[in-house]
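As provided, model-v9.txt (compact mmCIF, C-alpha atoms) reads as follows.
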```txt
# COMPACT_ATOMS: atom_id res chain seq x y z
CA MET A 24 0.00 0.00 0.00
CA THR A 25 1.38 3.46 -0.94
CA ASP A 26 1.86 6.23 1.57
CA ASP A 27 -1.01 8.23 0.01
CA SER A 28 -3.43 5.32 0.15
CA GLN A 29 -2.46 4.58 3.76
CA ARG A 30 -3.06 8.22 4.67
CA ASN A 31 -6.38 8.34 2.83
CA PHE A 32 -7.56 5.13 4.47
CA ARG A 33 -6.57 6.45 7.88
CA SER A 34 -8.55 9.64 7.30
CA VAL A 35 -11.65 7.74 6.23
CA TYR A 36 -11.29 5.28 9.11
CA TYR A 37 -11.00 7.99 11.77
CA GLU A 38 -13.93 9.92 10.31
CA LYS A 39 -16.12 6.80 10.27
CA VAL A 40 -15.50 6.17 13.96
CA GLY A 41 -16.02 9.83 14.84
CA PHE A 42 -12.44 11.17 15.05
CA ARG A 43 -12.49 13.99 12.53
CA GLY A 44 -9.81 16.37 11.32
CA VAL A 45 -6.88 13.93 11.61
CA GLU A 46 -4.99 15.35 8.66
CA GLU A 47 -5.32 18.87 10.07
CA LYS A 48 -3.53 17.87 13.28
CA LYS A 49 -0.03 17.17 11.98
CA SER A 50 1.58 19.29 14.68
CA LEU A 51 -0.32 17.38 17.35
CA GLU A 52 0.79 14.03 15.91
CA ILE A 53 4.41 15.21 15.88
CA LEU A 54 4.11 16.21 19.54
CA LEU A 55 2.63 12.84 20.45
CA LYS A 56 5.61 10.99 19.00
CA ASP A 57 7.69 12.30 21.89
CA ASP A 58 7.99 9.73 24.67
CA ARG A 59 8.47 12.44 27.28
CA LEU A 60 5.11 14.19 27.13
CA GLY A 61 5.03 15.17 30.82
CA GLU A 62 3.78 18.66 31.59
CA CYS A 63 3.21 19.43 27.93
CA PHE A 64 0.87 16.43 27.67
CA LEU A 65 -1.02 17.53 30.78
CA LYS A 66 -1.59 21.05 29.48
CA LEU A 67 -2.58 19.76 26.05
CA ILE A 68 -5.03 17.24 27.43
CA SER A 69 -6.58 19.83 29.76
CA LEU A 70 -7.36 22.00 26.74
CA VAL A 71 -8.52 19.08 24.60
CA LEU A 72 -11.04 17.94 27.21
CA ARG A 73 -12.05 21.54 28.04
CA ILE A 74 -10.88 21.26 31.63
CA LEU A 75 -9.10 24.56 31.07
CA PRO A 76 -10.41 27.48 28.98
CA PRO A 77 -8.52 28.47 25.82
CA HIS A 78 -7.35 31.76 27.35
CA HIS A 79 -4.15 31.25 29.31
CA GLU A 80 -4.80 34.12 31.71
CA SER A 81 -7.84 32.24 33.09
CA HIS A 82 -6.04 28.96 33.80
CA ALA A 83 -4.93 29.71 37.36
CA LYS A 84 -8.39 30.82 38.53
CA VAL A 85 -10.17 27.89 36.83
CA MET A 86 -7.75 25.38 38.34
CA MET A 87 -8.30 26.95 41.76
CA TYR A 88 -12.04 26.34 41.36
CA ARG A 89 -11.39 22.79 40.18
CA LYS A 90 -9.23 22.06 43.23
CA GLU A 91 -11.81 23.54 45.60
CA GLN A 92 -14.56 21.44 44.04
CA TYR A 93 -12.37 18.34 44.26
CA SER A 94 -11.66 19.00 47.95
CA ASP A 95 -15.34 19.57 48.76
CA VAL A 96 -16.48 16.37 47.07
CA LEU A 97 -13.65 14.36 48.61
CA HIS A 98 -14.55 15.69 52.07
CA ALA A 99 -18.19 14.73 51.56
CA LEU A 100 -17.21 11.18 50.60
CA LYS A 101 -15.04 10.87 53.69
CA VAL A 102 -17.86 12.10 55.92
CA VAL A 103 -20.20 9.39 54.61
CA ARG A 104 -17.32 6.88 54.84
CA PHE A 105 -17.23 5.95 51.17
CA VAL A 106 -13.50 6.68 50.96
CA SER A 107 -10.60 7.12 53.34
CA ASP A 108 -6.96 8.14 53.10
CA ALA A 109 -6.17 4.51 52.26
CA THR A 110 -8.59 4.30 49.31
CA PRO A 111 -6.79 3.86 45.94
CA GLN A 112 -6.84 7.02 43.82
CA ALA A 113 -8.74 5.40 40.94
CA GLU A 114 -11.53 4.33 43.29
CA VAL A 115 -11.64 7.83 44.80
CA CYS A 116 -12.14 9.21 41.28
CA LEU A 117 -14.95 6.75 40.67
CA ARG A 118 -16.78 7.61 43.90
CA MET A 119 -16.43 11.33 43.21
CA TYR A 120 -17.82 10.85 39.73
CA GLN A 121 -20.73 8.80 41.08
CA LEU A 122 -21.54 11.43 43.70
CA GLU A 123 -21.43 14.34 41.27
CA SER A 124 -23.53 12.50 38.69
CA GLY A 125 -26.11 11.38 41.25
CA LYS A 126 -25.22 7.68 40.94
CA LEU A 127 -23.51 7.01 44.26
CA PRO A 128 -24.83 3.67 45.60
CA ARG A 129 -26.27 3.38 49.08
CA SER A 130 -23.26 1.38 50.24
CA PRO A 131 -19.63 1.11 49.06
CA SER A 132 -20.03 -2.67 49.30
CA PHE A 133 -22.54 -2.76 46.43
CA PRO A 134 -21.13 -4.42 43.26
CA LEU A 135 -19.94 -2.09 40.51
CA GLU A 136 -22.02 -1.55 37.39
CA PRO A 137 -20.40 -2.21 33.97
CA GLU A 138 -20.09 1.54 33.37
CA ASP A 139 -18.31 1.86 36.72
CA GLU A 140 -15.81 -0.81 35.67
CA VAL A 141 -15.10 1.20 32.52
CA PHE A 142 -14.55 4.39 34.52
CA LEU A 143 -12.31 2.58 36.99
CA ALA A 144 -10.13 1.09 34.24
CA ILE A 145 -9.67 4.48 32.60
CA ALA A 146 -8.98 6.14 35.96
CA LYS A 147 -6.26 3.56 36.71
CA ALA A 148 -4.63 4.29 33.35
CA MET A 149 -4.81 8.05 33.93
CA GLU A 150 -3.29 7.59 37.37
CA GLU A 151 -0.19 6.15 35.71
CA MET A 152 0.09 9.18 33.43
CA VAL A 153 -0.82 12.04 35.78
CA GLU A 154 0.82 12.57 39.16
CA ASP A 155 -1.60 15.11 40.63
CA SER A 156 -4.81 13.58 42.01
CA VAL A 157 -6.92 16.63 41.07
CA ASP A 158 -5.72 16.50 37.46
CA CYS A 159 -6.29 12.75 37.39
CA TYR A 160 -9.92 13.14 38.41
CA TRP A 161 -10.80 15.95 36.04
CA ILE A 162 -9.07 14.38 33.05
CA THR A 163 -10.73 11.01 33.71
CA ARG A 164 -14.13 12.60 34.23
CA ARG A 165 -14.02 14.67 31.04
CA PHE A 166 -12.58 11.79 29.01
CA VAL A 167 -15.39 9.45 30.10
CA ASN A 168 -17.98 12.13 29.42
CA GLN A 169 -16.62 12.51 25.91
CA LEU A 170 -16.92 8.78 25.37
CA ASN A 171 -20.49 8.73 26.67
CA THR A 172 -21.65 11.67 24.56
CA LYS A 173 -19.66 12.30 21.39
CA TYR A 174 -18.53 8.74 20.65
CA ARG A 175 -21.25 6.48 22.05
CA ASP A 176 -22.92 6.08 18.63
CA SER A 177 -19.57 5.18 17.06
CA LEU A 178 -18.83 2.22 19.34
CA PRO A 179 -21.04 -0.32 17.49
CA GLN A 180 -19.19 0.49 14.27
CA LEU A 181 -15.74 -0.21 15.66
CA PRO A 182 -15.70 -4.05 15.36
CA LYS A 183 -16.45 -3.79 11.63
CA ALA A 184 -13.91 -0.97 11.19
CA PHE A 185 -11.37 -3.09 13.06
CA GLU A 186 -11.89 -6.02 10.69
CA GLN A 187 -11.57 -3.73 7.65
CA TYR A 188 -8.33 -2.27 8.95
CA LEU A 189 -6.96 -5.67 9.92
CA ASN A 190 -7.81 -6.98 6.46
CA LEU A 191 -5.63 -4.26 4.95
CA GLU A 192 -2.78 -4.74 7.41
CA ASP A 193 -2.80 -8.54 7.71
CA GLY A 194 -5.47 -10.25 5.63
CA ARG A 195 -4.12 -13.70 6.41
CA LEU A 196 -4.58 -13.15 10.13
CA LEU A 197 -8.18 -12.00 9.64
CA THR A 198 -8.91 -15.01 7.44
CA HIS A 199 -7.46 -17.33 10.08
CA LEU A 200 -9.54 -15.70 12.83
CA LYS A 201 -12.70 -16.15 10.79
CA MET A 202 -11.91 -19.75 9.82
CA CYS A 203 -11.49 -20.79 13.45
CA CYS A 204 -14.57 -18.71 14.48
CA ALA A 205 -12.42 -16.53 16.74
CA ALA A 206 -13.23 -13.15 15.19
CA PRO A 207 -16.72 -12.79 16.75
CA LYS A 208 -15.29 -13.82 20.13
CA LEU A 209 -12.68 -11.08 20.34
CA PRO A 210 -13.18 -8.87 23.43
CA TYR A 211 -14.46 -5.87 21.50
CA ASP A 212 -16.40 -4.48 24.48
CA LEU A 213 -13.33 -4.65 26.68
CA TRP A 214 -11.19 -2.96 24.05
CA PHE A 215 -13.41 -0.21 22.72
CA LYS A 216 -15.59 0.75 25.70
CA ARG A 217 -12.47 1.14 27.83
CA CYS A 218 -10.39 2.64 25.00
CA PHE A 219 -7.92 -0.18 25.63
CA ALA A 220 -7.30 1.01 29.20
CA GLY A 221 -5.81 -1.95 31.03
CA CYS A 222 -5.15 -3.70 27.70
CA LEU A 223 -2.39 -1.54 26.19
CA PRO A 224 0.41 0.57 27.71
CA GLU A 225 -0.69 3.95 29.05
CA SER A 226 1.29 5.71 26.31
CA SER A 227 -1.25 4.40 23.81
CA LEU A 228 -4.10 5.91 25.81
CA GLN A 229 -2.29 9.25 25.84
CA ARG A 230 -2.48 9.31 22.08
CA GLN A 231 -6.11 8.21 22.01
CA VAL A 232 -7.07 11.02 24.36
CA CYS A 233 -5.43 13.67 22.20
CA LEU A 234 -6.71 12.29 18.90
CA SER A 235 -10.27 12.16 20.26
CA LYS A 236 -10.55 15.93 20.02
CA THR A 237 -12.96 17.36 17.43
CA TYR A 238 -13.04 20.97 16.32
```
This entry written out as structure tokens:
Amino acid sequence: MTDDSQRNFRSVYYEKVGFRGVEEKKSLEILLKDDRLGECFLKLISLVLRILPPHHESHAKVMMYRKEQYSDVLHALKVVRFVSDATPQAEVCLRMYQLESGKLPRSPSFPLEPEDEVFLAIAKAMEEMVEDSVDCYWITRRFVNQLNTKYRDSLPQLPKAFEQYLNLEDGRLLTHLKMCCAAPKLPYDLWFKRCFAGCLPESSLQRQVCLSKTY
């Protein structure tokens, strides 16, 4: 396959699954090739997920509000004994998200819903990428909200798009998977609903987060 055809296929593929404007983001793709994203990644992701406003002079005040809100919600959860200082950060993020969305169960011992498992997996991946607990919560929250709003309708299309892409990259593998009836049994829900969180290295999720932005 030529470079042009690969690029054209990639553009069509991303647009079909809801990730538009890929070709217009060359500078972003160049940035994401750097293994040391660090602070630059954090600032970029905060803008992508609209955690921070586009105007730099407002960042400090907005982050102050975000930290205050985080502290208030965390305090409330500690008062009702849903979390403690020993609670893992990813679980803290989940309980905060449940409380703010009105879905906090009556007891922390209740089993998690499937959507909670998705949030928890993504929160664990974010925790590996972001050191600050406040940033971890807000990035996870906004990322999950994006999945549940902008990209929910695209999820059913992904298994078919995956097979089309795999056919171009390695047709023999796809044929083998179909012949042994393995293709329909692939863990598509685990992969796509969690954006591969817990399945691939966190560096892959970093790139998914940035490329999920639409203008």
*Please indicate the distance in Å from CA of Leu200 in chain A to CA of Pro179 in chain A, rounded to one decimal place.*
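About the pair CA of Leu200 in chain A and CA of Pro179 in chain A: they are 19.8 Å apart.
If you look at CA of Ala113 in chain A and CA of Arg89 in chain A, they are 17.6 Å away from each other.
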*Within 12 Å of Phe215 in chain A using all atoms listed in the file, minus same-chain residues under 3 positions, as a ChimeraX atom specification*: /A:40,141,145,170,174-175,177-182,184-185,209-212,218-223,228,231
*May I ask for the distance between CA of Glu91 in chain A and CA of Lys147 in chain A, given in Å to one decimal place?*
22.6 Å
Non-local contacts of range 127-130 of chain A (8 Å; all atoms listed in the file; under 6 positions in same chain excluded) as an mmCIF file with C-alpha atoms, in the frame of the given file:
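Heads up, here's the output in around_37.cif:
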```cif
data_model
loop_
_atom_site.group_PDB
_atom_site.id
_atom_site.type_symbol
_atom_site.label_atom_id
_atom_site.label_comp_id
_atom_site.auth_asym_id
_atom_site.auth_seq_id
_atom_site.Cartn_x
_atom_site.Cartn_y
_atom_site.Cartn_z
ATOM 1 C CA PHE A 105 -17.230 5.950 51.170
ATOM 2 C CA ARG A 118 -16.780 7.610 43.900
ATOM 3 C CA GLN A 121 -20.730 8.800 41.080
#
```
*Option closest in space to Lys183 in chain A, from A:Leu197, A:Val153, A:Leu122, A:Met86 [counting all atoms listed in the file]*: A:Leu197
*Which one is closest to Arg165 in chain A: A:Val102, A:Pro134, A:Pro207, A:Met149? Count all atoms listed in the file.*
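Result for the nearest residue to Arg165 in chain A: A:Met149.
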*If we count only C-alpha atoms, what is near Glu138 in chain A at a cut-off of 12 Å, once residues fewer than 6 positions away on the same chain are taken out, given as a PyMOL selection string?*
chain A and resi 117+120-121+126+144-145+167-168+170-171+212-213+216-217
*Counting all atoms listed in the file, note down every residue that has an atom within 10 Å of the point (-13.4, 13.1, 48.9) (file coordinates), as a ChimeraX atom specification.*
/A:92-108,115-116,118-119,122
My structure is short of atoms at range 146-160 of chain A; please model N, CA, C and O atoms there, returning them as a PDB file, in the coordinates of the input.
```
ATOM      1  N   ALA A 146      -9.585   5.380  34.855  1.00  0.00           N
ATOM      2  CA  ALA A 146      -8.980   6.140  35.960  1.00  0.00           C
ATOM      3  C   ALA A 146      -7.632   5.544  36.361  1.00  0.00           C
ATOM      4  O   ALA A 146      -6.680   6.278  36.654  1.00  0.00           O
ATOM      5  N   LYS A 147      -7.533   4.215  36.376  1.00  0.00           N
ATOM      6  CA  LYS A 147      -6.260   3.560  36.710  1.00  0.00           C
ATOM      7  C   LYS A 147      -5.191   3.902  35.677  1.00  0.00           C
ATOM      8  O   LYS A 147      -4.025   4.116  36.025  1.00  0.00           O
ATOM      9  N   ALA A 148      -5.589   3.939  34.400  1.00  0.00           N
ATOM     10  CA  ALA A 148      -4.630   4.290  33.350  1.00  0.00           C
ATOM     11  C   ALA A 148      -4.197   5.742  33.486  1.00  0.00           C
ATOM     12  O   ALA A 148      -3.008   6.063  33.345  1.00  0.00           O
ATOM     13  N   MET A 149      -5.142   6.635  33.758  1.00  0.00           N
ATOM     14  CA  MET A 149      -4.810   8.050  33.930  1.00  0.00           C
ATOM     15  C   MET A 149      -3.890   8.257  35.123  1.00  0.00           C
ATOM     16  O   MET A 149      -3.006   9.117  35.098  1.00  0.00           O
ATOM     17  N   GLU A 150      -4.109   7.475  36.169  1.00  0.00           N
ATOM     18  CA  GLU A 150      -3.290   7.590  37.370  1.00  0.00           C
ATOM     19  C   GLU A 150      -1.820   7.322  37.067  1.00  0.00           C
ATOM     20  O   GLU A 150      -0.930   7.902  37.702  1.00  0.00           O
ATOM     21  N   GLU A 151      -1.569   6.446  36.095  1.00  0.00           N
ATOM     22  CA  GLU A 151      -0.190   6.150  35.710  1.00  0.00           C
ATOM     23  C   GLU A 151       0.435   7.277  34.903  1.00  0.00           C
ATOM     24  O   GLU A 151       1.654   7.390  34.829  1.00  0.00           O
ATOM     25  N   MET A 152      -0.416   8.115  34.298  1.00  0.00           N
ATOM     26  CA  MET A 152       0.090   9.180  33.430  1.00  0.00           C
ATOM     27  C   MET A 152       0.160  10.525  34.127  1.00  0.00           C
ATOM     28  O   MET A 152       0.953  11.381  33.741  1.00  0.00           O
ATOM     29  N   VAL A 153      -0.697  10.729  35.140  1.00  0.00           N
ATOM     30  CA  VAL A 153      -0.820  12.040  35.780  1.00  0.00           C
ATOM     31  C   VAL A 153      -0.520  11.898  37.264  1.00  0.00           C
ATOM     32  O   VAL A 153      -1.131  11.085  37.949  1.00  0.00           O
ATOM     33  N   GLU A 154       0.415  12.681  37.767  1.00  0.00           N
ATOM     34  CA  GLU A 154       0.820  12.570  39.160  1.00  0.00           C
ATOM     35  C   GLU A 154      -0.161  13.230  40.116  1.00  0.00           C
ATOM     36  O   GLU A 154      -0.425  12.720  41.197  1.00  0.00           O
ATOM     37  N   ASP A 155      -0.724  14.361  39.734  1.00  0.00           N
ATOM     38  CA  ASP A 155      -1.600  15.110  40.630  1.00  0.00           C
ATOM     39  C   ASP A 155      -2.983  14.484  40.662  1.00  0.00           C
ATOM     40  O   ASP A 155      -3.590  14.212  39.620  1.00  0.00           O
ATOM     41  N   SER A 156      -3.525  14.256  41.862  1.00  0.00           N
ATOM     42  CA  SER A 156      -4.810  13.580  42.010  1.00  0.00           C
ATOM     43  C   SER A 156      -5.961  14.424  41.460  1.00  0.00           C
ATOM     44  O   SER A 156      -6.933  13.875  40.922  1.00  0.00           O
ATOM     45  N   VAL A 157      -5.869  15.753  41.595  1.00  0.00           N
ATOM     46  CA  VAL A 157      -6.920  16.630  41.070  1.00  0.00           C
ATOM     47  C   VAL A 157      -6.959  16.543  39.550  1.00  0.00           C
ATOM     48  O   VAL A 157      -8.027  16.394  38.940  1.00  0.00           O
ATOM     49  N   ASP A 158      -5.794  16.618  38.917  1.00  0.00           N
ATOM     50  CA  ASP A 158      -5.720  16.500  37.460  1.00  0.00           C
ATOM     51  C   ASP A 158      -6.236  15.146  37.005  1.00  0.00           C
ATOM     52  O   ASP A 158      -6.942  15.038  35.997  1.00  0.00           O
ATOM     53  N   CYS A 159      -5.870  14.112  37.744  1.00  0.00           N
ATOM     54  CA  CYS A 159      -6.290  12.750  37.390  1.00  0.00           C
ATOM     55  C   CYS A 159      -7.814  12.656  37.357  1.00  0.00           C
ATOM     56  O   CYS A 159      -8.397  12.095  36.422  1.00  0.00           O
ATOM     57  N   TYR A 160      -8.465  13.220  38.359  1.00  0.00           N
ATOM     58  CA  TYR A 160      -9.920  13.140  38.410  1.00  0.00           C
ATOM     59  C   TYR A 160     -10.567  13.898  37.263  1.00  0.00           C
ATOM     60  O   TYR A 160     -11.453  13.379  36.581  1.00  0.00           O
TER      61      TYR A 160
END
```
